[in-house]
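Visitor: Have a peek at upload_37.cif (mmCIF, C-alpha atoms and all ligand atoms).
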```
data_work
loop_
_atom_site.label_atom_id
_atom_site.label_comp_id
_atom_site.auth_asym_id
_atom_site.auth_seq_id
_atom_site.Cartn_x
_atom_site.Cartn_y
_atom_site.Cartn_z
CA MET A 1 36.93 20.51 0.89
CA PRO A 2 35.54 19.34 -2.49
CA HIS A 3 33.46 22.02 -4.05
CA PHE A 4 31.32 21.32 -7.07
CA CYS A 5 30.80 24.25 -9.35
CA GLN A 6 27.40 25.65 -8.48
CA TYR A 7 26.69 27.23 -11.82
CA GLN A 8 27.85 24.56 -14.24
CA ASN A 9 24.94 22.74 -15.87
CA GLU A 10 22.61 24.63 -13.50
CA LYS A 11 19.16 23.06 -13.44
CA ILE A 12 16.01 25.01 -12.65
CA MET A 13 13.22 24.15 -10.21
CA LYS A 14 10.15 25.87 -8.73
CA ALA A 15 10.07 27.10 -5.13
CA LEU A 16 8.13 29.31 -2.71
CA VAL A 17 10.29 32.40 -2.22
CA TYR A 18 9.99 35.05 0.51
CA HIS A 19 10.40 38.64 -0.72
CA GLY A 20 9.94 40.62 2.49
CA PRO A 21 6.89 41.00 4.77
CA GLY A 22 3.65 40.04 3.02
CA LYS A 23 5.42 39.12 -0.25
CA LYS A 24 5.93 35.61 -1.53
CA SER A 25 5.94 33.96 -4.95
CA TRP A 26 6.10 30.53 -6.59
CA GLU A 27 9.00 31.03 -8.94
CA GLU A 28 12.02 29.53 -10.68
CA LYS A 29 15.22 29.02 -8.69
CA PRO A 30 18.40 27.05 -9.40
CA GLN A 31 18.17 23.45 -8.18
CA PRO A 32 20.35 23.00 -5.10
CA VAL A 33 23.64 21.12 -5.44
CA ILE A 34 26.02 19.44 -3.00
CA LEU A 35 28.17 22.16 -1.40
CA LYS A 36 29.84 20.10 1.35
CA PRO A 37 30.65 16.37 1.48
CA THR A 38 28.17 15.93 4.37
CA ASP A 39 25.24 17.34 2.30
CA ALA A 40 22.41 15.53 0.56
CA VAL A 41 20.06 16.90 -2.07
CA VAL A 42 16.51 15.63 -1.55
CA LYS A 43 13.67 15.68 -4.08
CA ILE A 44 10.60 16.77 -2.08
CA LEU A 45 7.60 14.42 -2.24
CA LYS A 46 5.37 16.04 0.44
CA THR A 47 5.72 19.22 2.44
CA THR A 48 3.55 21.43 4.65
CA ILE A 49 3.20 24.91 6.17
CA CYS A 50 3.96 25.71 9.83
CA GLY A 51 2.57 28.49 12.06
CA THR A 52 6.17 29.69 12.13
CA ASP A 53 6.09 30.21 8.32
CA LEU A 54 3.17 32.57 8.86
CA HIS A 55 5.28 34.46 11.45
CA ILE A 56 8.03 34.71 8.80
CA MET A 57 5.54 36.00 6.20
CA LYS A 58 4.43 38.72 8.64
CA GLY A 59 8.05 39.82 9.05
CA ASP A 60 8.30 38.58 12.66
CA VAL A 61 11.53 36.64 11.92
CA PRO A 62 13.85 39.32 10.49
CA GLU A 63 16.82 36.94 9.96
CA VAL A 64 14.85 35.55 7.00
CA THR A 65 16.01 37.65 4.06
CA ASP A 66 14.58 38.51 0.63
CA GLY A 67 15.03 35.60 -1.79
CA ARG A 68 14.92 32.83 0.84
CA ILE A 69 13.01 29.62 0.05
CA ILE A 70 11.03 28.85 3.20
CA GLY A 71 9.65 25.62 4.76
CA HIS A 72 11.24 23.25 7.27
CA GLU A 73 9.07 20.11 7.08
CA GLY A 74 8.78 17.31 4.53
CA VAL A 75 9.55 13.87 3.16
CA GLY A 76 11.38 13.08 -0.07
CA ILE A 77 13.75 10.91 -2.09
CA ILE A 78 17.51 11.31 -2.00
CA GLU A 79 18.66 12.73 -5.33
CA GLU A 80 22.38 12.95 -4.57
CA VAL A 81 24.70 12.61 -1.55
CA GLY A 82 28.09 14.12 -0.78
CA ASN A 83 30.96 11.65 -0.45
CA ALA A 84 31.03 11.82 3.38
CA VAL A 85 27.36 10.75 3.75
CA SER A 86 27.27 7.11 4.83
CA ASN A 87 23.70 6.49 6.08
CA PHE A 88 21.88 7.32 2.82
CA LYS A 89 22.17 6.79 -0.94
CA LYS A 90 20.36 8.00 -4.06
CA GLY A 91 16.79 6.70 -4.16
CA ASP A 92 16.30 6.35 -0.39
CA HIS A 93 13.02 7.73 1.00
CA VAL A 94 13.69 10.08 3.92
CA LEU A 95 11.98 12.18 6.57
CA ILE A 96 13.51 15.66 6.90
CA SER A 97 13.97 17.00 10.45
CA CYS A 98 13.21 20.70 10.95
CA ILE A 99 16.45 20.81 12.96
CA THR A 100 19.81 20.32 11.24
CA SER A 101 22.48 18.75 13.45
CA CYS A 102 26.09 17.65 12.97
CA GLY A 103 25.90 15.03 15.75
CA LYS A 104 29.48 15.90 16.77
CA CYS A 105 29.61 19.28 18.53
CA ASN A 106 29.21 19.80 22.29
CA TYR A 107 25.51 20.66 22.03
CA CYS A 108 24.77 17.67 19.79
CA LYS A 109 26.63 15.38 22.20
CA LYS A 110 24.27 16.62 24.94
CA GLY A 111 21.24 15.87 22.75
CA MET A 112 20.60 19.57 22.27
CA TYR A 113 20.44 19.49 18.46
CA SER A 114 18.50 22.77 18.47
CA HIS A 115 21.75 24.53 19.38
CA CYS A 116 24.11 22.58 17.08
CA GLU A 117 27.14 24.76 16.38
CA ASP A 118 26.73 24.14 12.63
CA GLY A 119 22.97 23.70 12.46
CA GLY A 120 19.91 24.14 14.67
CA TRP A 121 16.82 25.65 13.06
CA ILE A 122 18.37 26.85 9.80
CA LEU A 123 16.11 25.23 7.14
CA GLY A 124 13.77 27.78 5.57
CA HIS A 125 15.27 30.32 7.96
CA LEU A 126 19.00 30.89 7.38
CA ILE A 127 19.32 28.51 4.38
CA ASP A 128 16.82 27.53 1.66
CA GLY A 129 14.03 25.23 2.86
CA THR A 130 11.58 22.54 1.85
CA GLN A 131 8.75 24.39 0.07
CA ALA A 132 10.45 23.61 -3.24
CA GLU A 133 10.96 20.74 -5.67
CA TYR A 134 14.44 20.06 -4.23
CA VAL A 135 16.25 20.98 -1.00
CA ARG A 136 19.88 20.72 0.18
CA ILE A 137 20.18 19.15 3.64
CA PRO A 138 23.49 19.76 5.46
CA HIS A 139 24.76 17.06 7.86
CA ALA A 140 22.44 14.61 6.12
CA ASP A 141 23.51 11.59 8.21
CA ASN A 142 22.13 13.16 11.41
CA SER A 143 19.38 15.40 9.99
CA LEU A 144 17.45 12.85 7.88
CA TYR A 145 15.63 9.69 8.98
CA PRO A 146 15.03 6.60 6.81
CA ILE A 147 11.34 6.00 6.08
CA PRO A 148 10.31 2.42 6.86
CA ALA A 149 9.01 0.49 3.82
CA GLY A 150 5.23 0.63 3.52
CA ALA A 151 4.87 3.67 5.82
CA ASP A 152 2.24 6.36 5.15
CA GLU A 153 4.77 8.95 4.02
CA GLU A 154 2.42 11.91 4.15
CA ALA A 155 1.57 11.19 7.79
CA LEU A 156 5.29 11.21 8.58
CA VAL A 157 5.50 14.88 7.56
CA MET A 158 3.95 15.49 11.01
CA LEU A 159 7.21 14.15 12.49
CA SER A 160 9.43 16.83 10.90
CA ASP A 161 8.39 19.41 13.49
CA ILE A 162 5.00 19.41 15.22
CA LEU A 163 5.03 16.01 16.97
CA PRO A 164 8.58 16.30 18.35
CA THR A 165 7.79 19.90 19.37
CA GLY A 166 4.57 19.09 21.22
CA PHE A 167 6.21 16.07 22.83
CA GLU A 168 9.65 17.45 23.78
CA CYS A 169 8.83 21.08 24.64
CA GLY A 170 5.36 20.33 26.09
CA VAL A 171 5.03 16.79 27.41
CA LEU A 172 8.62 15.91 28.35
CA ASN A 173 9.54 19.31 29.74
CA GLY A 174 6.18 19.46 31.55
CA GLN A 175 6.94 16.04 33.09
CA VAL A 176 3.44 14.68 32.44
CA LYS A 177 2.83 11.66 34.72
CA PRO A 178 0.08 9.06 35.11
CA GLY A 179 -2.88 10.59 36.96
CA ASP A 180 -1.86 14.20 36.29
CA VAL A 181 -4.38 16.90 35.48
CA ILE A 182 -3.00 18.86 32.55
CA ALA A 183 -4.10 21.91 30.59
CA ILE A 184 -2.97 22.72 27.06
CA VAL A 185 -3.41 26.37 26.13
CA GLY A 186 -3.74 26.59 22.33
CA ALA A 187 -5.29 23.83 20.19
CA GLY A 188 -3.32 24.51 16.99
CA PRO A 189 -1.25 21.72 15.41
CA ILE A 190 1.36 22.04 18.18
CA GLY A 191 -1.17 21.96 21.03
CA LEU A 192 -2.87 18.98 19.37
CA ALA A 193 0.50 17.23 19.00
CA ALA A 194 1.02 17.74 22.74
CA LEU A 195 -2.49 16.38 23.36
CA LEU A 196 -1.77 13.20 21.35
CA THR A 197 1.66 12.53 22.86
CA ALA A 198 0.67 13.41 26.47
CA GLN A 199 -1.54 10.31 26.34
CA PHE A 200 1.58 8.08 26.25
CA TYR A 201 1.67 8.84 30.01
CA SER A 202 -2.01 8.38 30.93
CA PRO A 203 -2.81 11.74 32.52
CA ALA A 204 -6.17 11.63 34.35
CA GLU A 205 -7.56 14.81 32.75
CA ILE A 206 -6.60 16.89 29.72
CA ILE A 207 -8.20 20.33 29.46
CA MET A 208 -7.81 22.08 26.07
CA ILE A 209 -8.20 25.86 25.91
CA ASP A 210 -8.72 27.81 22.65
CA SER A 211 -11.44 29.88 20.95
CA ASP A 212 -11.48 28.00 17.63
CA VAL A 213 -14.65 25.90 17.91
CA ASN A 214 -13.52 23.39 15.29
CA ARG A 215 -10.16 22.85 17.00
CA LEU A 216 -11.90 22.34 20.36
CA GLU A 217 -14.18 19.72 18.75
CA VAL A 218 -11.14 18.00 17.22
CA SER A 219 -9.49 18.06 20.67
CA LYS A 220 -12.37 16.04 22.12
CA LYS A 221 -11.95 13.44 19.35
CA PHE A 222 -8.20 13.33 20.07
CA GLY A 223 -8.74 12.55 23.76
CA ALA A 224 -9.30 15.82 25.64
CA SER A 225 -11.56 15.31 28.66
CA GLN A 226 -12.65 18.98 28.83
CA THR A 227 -12.52 21.96 26.47
CA ILE A 228 -12.75 25.64 27.34
CA ASN A 229 -13.56 28.41 24.85
CA PHE A 230 -11.69 31.28 26.50
CA LYS A 231 -13.69 33.88 24.55
CA LYS A 232 -17.02 32.52 25.83
CA GLU A 233 -16.14 31.67 29.44
CA ASN A 234 -13.59 32.70 32.07
CA ALA A 235 -10.82 30.13 31.59
CA VAL A 236 -9.25 30.58 35.04
CA GLU A 237 -12.58 30.16 36.86
CA LYS A 238 -13.49 27.14 34.75
CA VAL A 239 -10.16 25.39 35.35
CA MET A 240 -10.43 26.07 39.08
CA ALA A 241 -14.01 24.73 39.12
CA LEU A 242 -12.86 21.58 37.29
CA THR A 243 -9.93 20.98 39.68
CA GLY A 244 -11.56 21.63 43.04
CA GLY A 245 -9.85 25.02 43.30
CA ILE A 246 -6.35 23.52 43.08
CA GLY A 247 -5.29 24.09 39.47
CA VAL A 248 -3.40 21.80 37.08
CA ASP A 249 -0.24 19.73 37.55
CA VAL A 250 1.04 20.66 34.08
CA ALA A 251 0.18 23.71 31.96
CA ILE A 252 1.49 23.57 28.38
CA GLU A 253 1.61 26.96 26.63
CA ALA A 254 1.19 26.42 22.84
CA VAL A 255 0.27 29.87 21.54
CA GLY A 256 3.09 32.41 22.08
CA VAL A 257 1.29 35.53 23.38
CA PRO A 258 1.42 37.12 26.87
CA GLU A 259 -2.24 36.26 27.67
CA SER A 260 -1.74 32.53 27.13
CA PHE A 261 1.42 32.34 29.27
CA GLU A 262 -0.19 34.39 32.06
CA LEU A 263 -3.18 32.04 31.93
CA CYS A 264 -0.76 29.17 32.64
CA GLU A 265 0.59 31.12 35.63
CA SER A 266 -2.96 31.57 36.97
CA ILE A 267 -3.99 27.91 36.74
CA ILE A 268 -0.85 26.08 37.90
CA ALA A 269 -1.18 23.97 41.07
CA PRO A 270 1.50 23.94 43.80
CA GLY A 271 4.38 21.75 42.63
CA GLY A 272 3.26 22.09 39.02
CA HIS A 273 5.16 22.54 35.75
CA ILE A 274 4.58 25.28 33.19
CA ALA A 275 6.06 24.15 29.86
CA ASN A 276 6.34 26.96 27.36
CA VAL A 277 6.23 25.95 23.68
CA GLY A 278 5.06 29.12 21.93
CA VAL A 279 7.42 31.51 20.15
CA HIS A 280 7.10 34.85 21.97
CA GLY A 281 7.67 38.23 20.38
CA LYS A 282 6.73 40.30 23.45
CA SER A 283 7.76 40.23 27.12
CA VAL A 284 5.42 38.44 29.51
CA ALA A 285 4.68 39.33 33.16
CA LEU A 286 6.10 36.80 35.62
CA HIS A 287 3.87 36.90 38.72
CA LEU A 288 6.43 35.92 41.34
CA GLU A 289 4.31 37.71 43.96
CA ASP A 290 1.87 34.76 43.56
CA LEU A 291 4.23 32.02 42.44
CA TRP A 292 7.31 32.34 44.70
CA ALA A 293 5.97 29.91 47.32
CA LYS A 294 4.22 27.51 44.93
CA ASN A 295 7.19 25.20 44.20
CA ILE A 296 6.56 25.42 40.48
CA THR A 297 8.94 24.88 37.55
CA ILE A 298 8.90 26.88 34.33
CA THR A 299 10.65 25.45 31.25
CA THR A 300 11.42 26.77 27.78
CA ARG A 301 12.77 24.84 24.78
CA LEU A 302 13.48 25.03 21.10
CA VAL A 303 12.60 21.58 19.76
CA ASP A 304 15.67 19.32 19.54
CA THR A 305 14.04 16.53 17.47
CA VAL A 306 15.88 13.99 19.64
CA SER A 307 12.61 12.04 20.01
CA THR A 308 12.04 11.55 16.26
CA SER A 309 13.25 7.91 16.10
CA MET A 310 11.12 7.03 19.14
CA LEU A 311 8.06 8.78 17.64
CA LEU A 312 8.58 6.91 14.34
CA LYS A 313 8.34 3.64 16.29
CA THR A 314 5.12 4.73 17.98
CA VAL A 315 3.69 5.52 14.53
CA GLU A 316 4.81 2.14 13.15
CA GLY A 317 3.17 0.47 16.18
CA LYS A 318 -0.03 2.52 15.63
CA LYS A 319 0.18 4.08 19.11
CA LEU A 320 0.31 7.48 17.41
CA LEU A 321 -1.84 8.28 14.34
CA PRO A 322 -0.43 11.48 12.81
CA ALA A 323 -2.55 11.32 9.62
CA GLN A 324 -5.50 12.65 11.64
CA LEU A 325 -3.75 16.05 11.84
CA ILE A 326 -3.98 16.48 8.03
CA THR A 327 -7.12 18.26 6.79
CA HIS A 328 -6.26 19.61 3.31
CA HIS A 329 -4.33 18.46 0.23
CA PHE A 330 -2.82 20.51 -2.60
CA LYS A 331 -0.33 20.00 -5.40
CA LEU A 332 3.00 21.66 -4.70
CA ASN A 333 2.36 24.18 -7.51
CA GLN A 334 -0.90 25.20 -5.73
CA ILE A 335 1.10 26.30 -2.68
CA LEU A 336 -0.30 29.84 -2.72
CA ASP A 337 -3.82 28.36 -2.33
CA ALA A 338 -2.48 26.18 0.49
CA TYR A 339 -1.16 29.28 2.26
CA HIS A 340 -4.54 30.97 1.90
CA THR A 341 -6.27 27.98 3.49
CA PHE A 342 -3.77 27.75 6.37
CA GLU A 343 -3.93 31.51 6.98
CA HIS A 344 -7.73 31.23 7.37
CA ALA A 345 -7.62 28.10 9.54
CA ALA A 346 -10.77 28.76 11.60
CA ASP A 347 -12.97 29.45 8.52
CA GLU A 348 -11.44 26.58 6.53
CA LYS A 349 -11.42 24.14 9.49
CA ALA A 350 -7.74 23.62 8.73
CA LEU A 351 -5.12 21.85 10.81
CA LYS A 352 -2.18 20.76 8.63
CA VAL A 353 -2.17 21.18 4.83
CA ILE A 354 -0.13 18.78 2.66
CA MET A 355 1.40 19.77 -0.67
CA SER A 356 2.48 16.92 -3.00
CA ASN A 357 5.17 17.17 -5.67
CA ASP A 358 3.74 14.72 -8.22
N1 LIG B 401 9.41 25.87 20.78
C1 LIG B 401 9.52 25.40 19.55
O1 LIG B 401 10.50 24.76 19.19
C2 LIG B 401 8.41 25.61 18.55
C3 LIG B 401 8.39 24.85 17.38
C4 LIG B 401 7.33 25.03 16.47
C5 LIG B 401 6.33 25.98 16.74
N2 LIG B 401 6.40 26.72 17.90
C6 LIG B 401 5.37 27.72 18.25
O2 LIG B 401 4.28 27.05 18.85
C7 LIG B 401 3.13 27.92 18.78
C8 LIG B 401 1.90 27.12 18.30
O3 LIG B 401 2.12 26.69 16.95
P1 LIG B 401 0.89 26.26 16.01
O4 LIG B 401 1.48 25.92 14.68
O5 LIG B 401 0.02 25.30 16.71
O6 LIG B 401 0.17 27.69 15.90
P2 LIG B 401 -1.33 28.11 15.48
O7 LIG B 401 -1.25 29.57 15.25
O8 LIG B 401 -1.81 27.23 14.38
O9 LIG B 401 -2.20 27.76 16.79
C9 LIG B 401 -2.30 28.58 17.90
C10 LIG B 401 -3.69 28.38 18.52
O10 LIG B 401 -3.77 29.22 19.68
C11 LIG B 401 -5.08 29.77 19.76
N3 LIG B 401 -5.02 30.95 20.62
C12 LIG B 401 -4.71 32.24 20.29
N4 LIG B 401 -4.71 33.01 21.39
C13 LIG B 401 -5.02 32.20 22.44
C14 LIG B 401 -5.16 32.43 23.85
N5 LIG B 401 -4.99 33.64 24.40
N6 LIG B 401 -5.47 31.36 24.62
C15 LIG B 401 -5.65 30.12 24.09
N7 LIG B 401 -5.52 29.86 22.76
C16 LIG B 401 -5.22 30.90 21.95
C17 LIG B 401 -5.46 30.01 18.31
O11 LIG B 401 -6.87 30.05 18.13
C18 LIG B 401 -4.84 28.78 17.60
O12 LIG B 401 -5.74 27.69 17.49
C19 LIG B 401 3.53 29.07 17.87
O13 LIG B 401 3.93 30.18 18.66
C20 LIG B 401 4.72 28.49 17.11
O14 LIG B 401 5.56 29.49 16.57
C21 LIG B 401 7.40 26.53 18.82
ZN ZN B 402 7.65 24.69 12.42
ZN ZN B 403 26.21 19.81 16.28
#
```
Show me this structure written as C-alpha cells.
Ligand SMILES: NC(=O)c1ccc[n+]([C@@H]2O[C@H](COP(=O)([O-])OP(=O)(O)OC[C@H]3O[C@@H](n4cnc5c(N)ncnc54)[C@H](O)[C@@H]3O)[C@@H](O)[C@H]2O)c1
Ligand SMILES: [Zn+2]
Ligand SMILES: [Zn+2]

Guide:
Amino acid sequence: MPHFCQYQNEKIMKALVYHGPGKKSWEEKPQPVILKPTDAVVKILKTTICGTDLHIMKGDVPEVTDGRIIGHEGVGIIEEVGNAVSNFKKGDHVLISCITSCGKCNYCKKGMYSHCEDGGWILGHLIDGTQAEYVRIPHADNSLYPIPAGADEEALVMLSDILPTGFECGVLNGQVKPGDVIAIVGAGPIGLAALLTAQFYSPAEIIMIDSDVNRLEVSKKFGASQTINFKKENAVEKVMALTGGIGVDVAIEAVGVPESFELCESIIAPGGHIANVGVHGKSVALHLEDLWAKNITITTRLVDTVSTSMLLKTVEGKKLLPAQLITHHFKLNQILDAYHTFEHAADEKALKVIMSND
C-alpha cells in the first residue's frame, strides 16, 4: 500500500487535545496526511461539541487516550485525497459523518455502518477527530457526503450525528406511526432531533420530559404538544393522566441514566416500543414482572448514519430546519469558551454551539 512519509515537510495546525480526565488544551499538532489510498484530508470549516465529548472529558470513555484530538462532527473542504478515492476531489465541500464506514464489509452491506469492521465510531475516539483545523477521514468515499451548492453549511453540521441519531435510534427503531402518542425522555440536542424527525410520521401527541426549563420551552416551539418538568411534577402520573391511564405507544430514551430508562418502562402502553438512544454507564433494572405480558419491544442502537442522504434531502426541501438547533457561535480558536458554554447548557440556554475555522 502506498505510504507517504508522515514526517517529511510536516505542517503544523491547531487542535483540541484530550490529556486525560478533566484536561484538554488548544495546541499545536502535526497536520494529518494521507495514510491509506482510501483516505481524504479535510480542512474543517465548521465543527461542534457533542454530549459524548463531555462524557470523554469526564473520563467515561476510557478508550480515548492522552493526546487524542476529539470531535466527530463537522463540515469542511477536501484538502487532499488518496488515489483510491473516486467520489471526491480537492476543493469539494463535504459533510463529515460521525461514523466511518468502508461500505464493503458484512456489517456495511447490511446497512450497519456503526459496526463496520474497519470503522464505526472511531473519529475523535480511536483516531484523531474534527475539533481541529484539519482531519483525516478514512474510507472517504463512504464516510463523507457532498454538500449541495448553496446549502447552509453550518446547519448541515447537525447531520453529522444528532439528526441521524435521533431519527434512526429513536424514531425508526421506535416505529413511530401516524396517530401515535409518543414520549421523548430528555430534551437535549438528541431528544430535540428525535422530536423534529418524529414529525415526518404525524404522531398525534408528543410529550417531552426534562427539567431544563429552556429546553422544554424550545420543545414546544419545535412541535411538542405537552412538556413535563420531571423535577416539578410526577412524570409517570402526568403521562398517565394525559393518556387516559394507558401510557404511550413509543417512549424514546434520550438521556442515558437508569431513572430515564425506568421512566420509559413505567409509561409504555401495551404493544408499545421503548427505543433507547442514551449511552449508559450503569446497569438498569428491567421490570419484567410488569412488562412480560405487555407485548412491548425494547430496542438499542448505535447510530449507523444510513439515513444521512435522506435527511439531506429533507433539509434541501425545507421539511427539516436544523439551523434552529444552533444557539451559540465561536471561532475555532475560542473552542475552550465554547466548551464552557456547552458544559453550562441550562444557564447559557445552549443547544448546539458552532465553531468556525475562518
Ligand atoms: N446511540 C447513539 O448512537 C448515540 C449517539 C449520540 C449520542 N448519544 C447519547 O444520547 C444521549 C443524549 O445526548 P445529548 O447530546 O442530547 O445529551 P445532553 O446531555 O445534552 O441532554 C440530555 C438531557 O437529558 C436531561 N435529563 C437528565 N436526566 C433526566 C431524567 N432523569 N429524565 C429526563 N431528562 C433528563 C438533561 O436535562 C438534558 O437536557 C447521551 O447519553 C448521548 O451520549 C447516543
Ligand atoms: Zn456525538
Ligand atoms: Zn465496513

Visitor: Just want the 8 Å neighbourhood of Gly67 (chain A), counted on only C-alpha atoms, with same-chain residues fewer than 6 positions away dropped. Output as a PyMOL selection string.

Guide: chain A and resi 17-19

Visitor: Which polymer residues have any atom within 10 Å of an atom of region 260-272 of chain A, counting only C-alpha atoms, with same-chain residues fewer than 4 positions away left out, as a PyMOL selection string?

Guide: chain A and resi 174-176+180-186+209-210+235-240+243+245-256+276-278+280+284-288+290-291+293-298

Visitor: Could you check how far CA of Gly166 (chain A) sits from CA of Glu117 (chain A), in Å to one decimal?

Guide: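 Pair CA of Gly166 (chain A) / CA of Glu117 (chain A) returns 23.8 Å.
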
Visitor: Can you work out the spacing between CA of Ile56 (chain A) and CA of Val75 (chain A) in Å, to one decimal?

Guide: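 Calculated distance between CA of Ile56 (chain A) and CA of Val75 (chain A) is 21.6 Å.
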
Visitor: Might you pull out every residue within 10 Å of Asp358 (chain A), with only C-alpha atoms counted and same-chain residues fewer than 3 positions away left off, and present them as a ChimeraX atom specification?

Guide: /A:44-46,133,331-333,355

Visitor: Using only C-alpha atoms and all ligand atoms, can you tell me which of A:Gly51, A:Gly103, A:Pro146, A:Gly317 comes closest to ligand LIG 401 (chain B)?

Guide: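 Ranking A:Gly51, A:Gly103, A:Pro146, A:Gly317 by distance to ligand LIG 401 (chain B), first place goes to A:Gly51.
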
Visitor: List as JSON lines every residue of chain A that is in contact with ligand ZN 402 (chain B), defined as an atom at most 6 Å from one of its atoms (using all atoms listed in the file), together with the nearest atom pair and the distance in Å rounded to one decimal, sorted by chain and then rising number.

Guide:
```
{"residue": "A:Cys50", "atom": "CA", "partner": "B:ZN402", "partner_atom": "ZN", "distance": 4.6}
{"residue": "A:Thr52", "atom": "CA", "partner": "B:ZN402", "partner_atom": "ZN", "distance": 5.2}
{"residue": "A:Asp161", "atom": "CA", "partner": "B:ZN402", "partner_atom": "ZN", "distance": 5.4}
```

Visitor: Using Å and a single decimal, report how far CA of Ala15 (chain A) sits from CA of Pro189 (chain A).

Guide: 24.1 Å

Visitor: Hey, which of A:Cys102, A:Leu126, A:Ile274, A:Leu321 ends up closest to ligand ZN 403 (chain B)? Count all atoms listed in the file.

Guide: A:Cys102

Visitor: Name the residues in contact with Thr47 (chain A) at a cut-off of 8 Å, using all atoms listed in the file, excluding same-chain residues fewer than 5 positions from it; report them as an MDAnalysis selection string.

Guide: chainID A and resid 71 73:75 130:131 157 354:356

Visitor: For C-alpha atoms, I'd like the residues from the last selection saved as a tab-separated table (two decimals), in the coordinates of the input.

Guide:
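Below is the file that was written, part.tsv:
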```tsv
chain	number	residue	atom	x	y	z
A	71	GLY	CA	9.65	25.62	4.76
A	73	GLU	CA	9.07	20.11	7.08
A	74	GLY	CA	8.78	17.31	4.53
A	75	VAL	CA	9.55	13.87	3.16
A	130	THR	CA	11.58	22.54	1.85
A	131	GLN	CA	8.75	24.39	0.07
A	157	VAL	CA	5.50	14.88	7.56
A	354	ILE	CA	-0.13	18.78	2.66
A	355	MET	CA	1.40	19.77	-0.67
A	356	SER	CA	2.48	16.92	-3.00
```

Visitor: Mind working out the centre and edge lengths of an axis-aligned box for ligand LIG 401 (chain B), all listed atoms inside, 8 Å added to each side, rounded to one decimal in Å and written as lines of an AutoDock Vina configuration file?

Guide:
```
center_x = 1.8
center_y = 29.2
center_z = 19.5
size_x = 33.4
size_y = 24.9
size_z = 26.2
```

Visitor: Can you list every residue of chain A that has an atom at most 6 Å from ligand ZN 403 (chain B), with its nearest atom pair and the distance in Å to one decimal, using only C-alpha atoms and all ligand atoms, ordered by chain then number, as CSV?

Guide:
```
residue,atom,partner,partner_atom,distance
A:Ser101,CA,B:ZN403,ZN,4.8
A:Cys102,CA,B:ZN403,ZN,4.0
A:Gly103,CA,B:ZN403,ZN,4.8
A:Lys104,CA,B:ZN403,ZN,5.1
A:Cys105,CA,B:ZN403,ZN,4.1
A:Tyr107,CA,B:ZN403,ZN,5.9
A:Cys108,CA,B:ZN403,ZN,4.4
A:Cys116,CA,B:ZN403,ZN,3.6
A:Glu117,CA,B:ZN403,ZN,5.0
A:Asp118,CA,B:ZN403,ZN,5.7
```

Visitor: Between A:Ala241, A:Leu195, A:Cys169, A:Val61, which has the minimum distance to ligand LIG 401 (chain B) (counting only C-alpha atoms and all ligand atoms)?

Guide: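 Of the candidates, the smallest distance to ligand LIG 401 (chain B) is held by A:Cys169.
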
Visitor: List the neighbours of Asn83 (chain A) out to 10 Å using all atoms listed in the file; skip same-chain residues closer than 4 positions along the sequence, and give me the result as an NGL selection string.

Guide: :A and (2 or 34 or 36-40)

Visitor: From the set A:Gly119, A:Pro322, A:Pro203, A:Gly170, which residue has the shortest atom-to-atom contact distance to ligand LIG 401 (chain B), counting all atoms listed in the file?

Guide: A:Gly170

Visitor: Could you check which of A:Asp66, A:Glu168, A:Glu316, A:Asp212 is closest to Gly188 (chain A), using all atoms listed in the file?

Guide: A:Asp212

Visitor: So, counting all atoms listed in the file, which residue among A:Ser25, A:Asn87, A:Ser143, A:Ser97 is closest to ligand LIG 401 (chain B)?

Guide: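 Of the candidates, the smallest distance to ligand LIG 401 (chain B) is held by A:Ser97.
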
Visitor: Using only C-alpha atoms and a cutoff of 8 Å, can you tell me which residues are near (15.5, 7.2, 6.2) in the file's coordinates, and write them out as an MDAnalysis selection string?

Guide: chainID A and resid 88 92:95 144:148

Visitor: Based on the selection just made, write C-alpha atoms of those residues as a JSON list (two decimals), in the coordinates of the input.

Guide:
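Written output follows (again-v2.json):
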```json
[["chain", "number", "residue", "atom", "x", "y", "z"],
["A", 88, "PHE", "CA", 21.88, 7.32, 2.82],
["A", 92, "ASP", "CA", 16.30, 6.35, -0.39],
["A", 93, "HIS", "CA", 13.02, 7.73, 1.00],
["A", 94, "VAL", "CA", 13.69, 10.08, 3.92],
["A", 95, "LEU", "CA", 11.98, 12.18, 6.57],
["A", 144, "LEU", "CA", 17.45, 12.85, 7.88],
["A", 145, "TYR", "CA", 15.63, 9.69, 8.98],
["A", 146, "PRO", "CA", 15.03, 6.60, 6.81],
["A", 147, "ILE", "CA", 11.34, 6.00, 6.08],
["A", 148, "PRO", "CA", 10.31, 2.42, 6.86]]
```
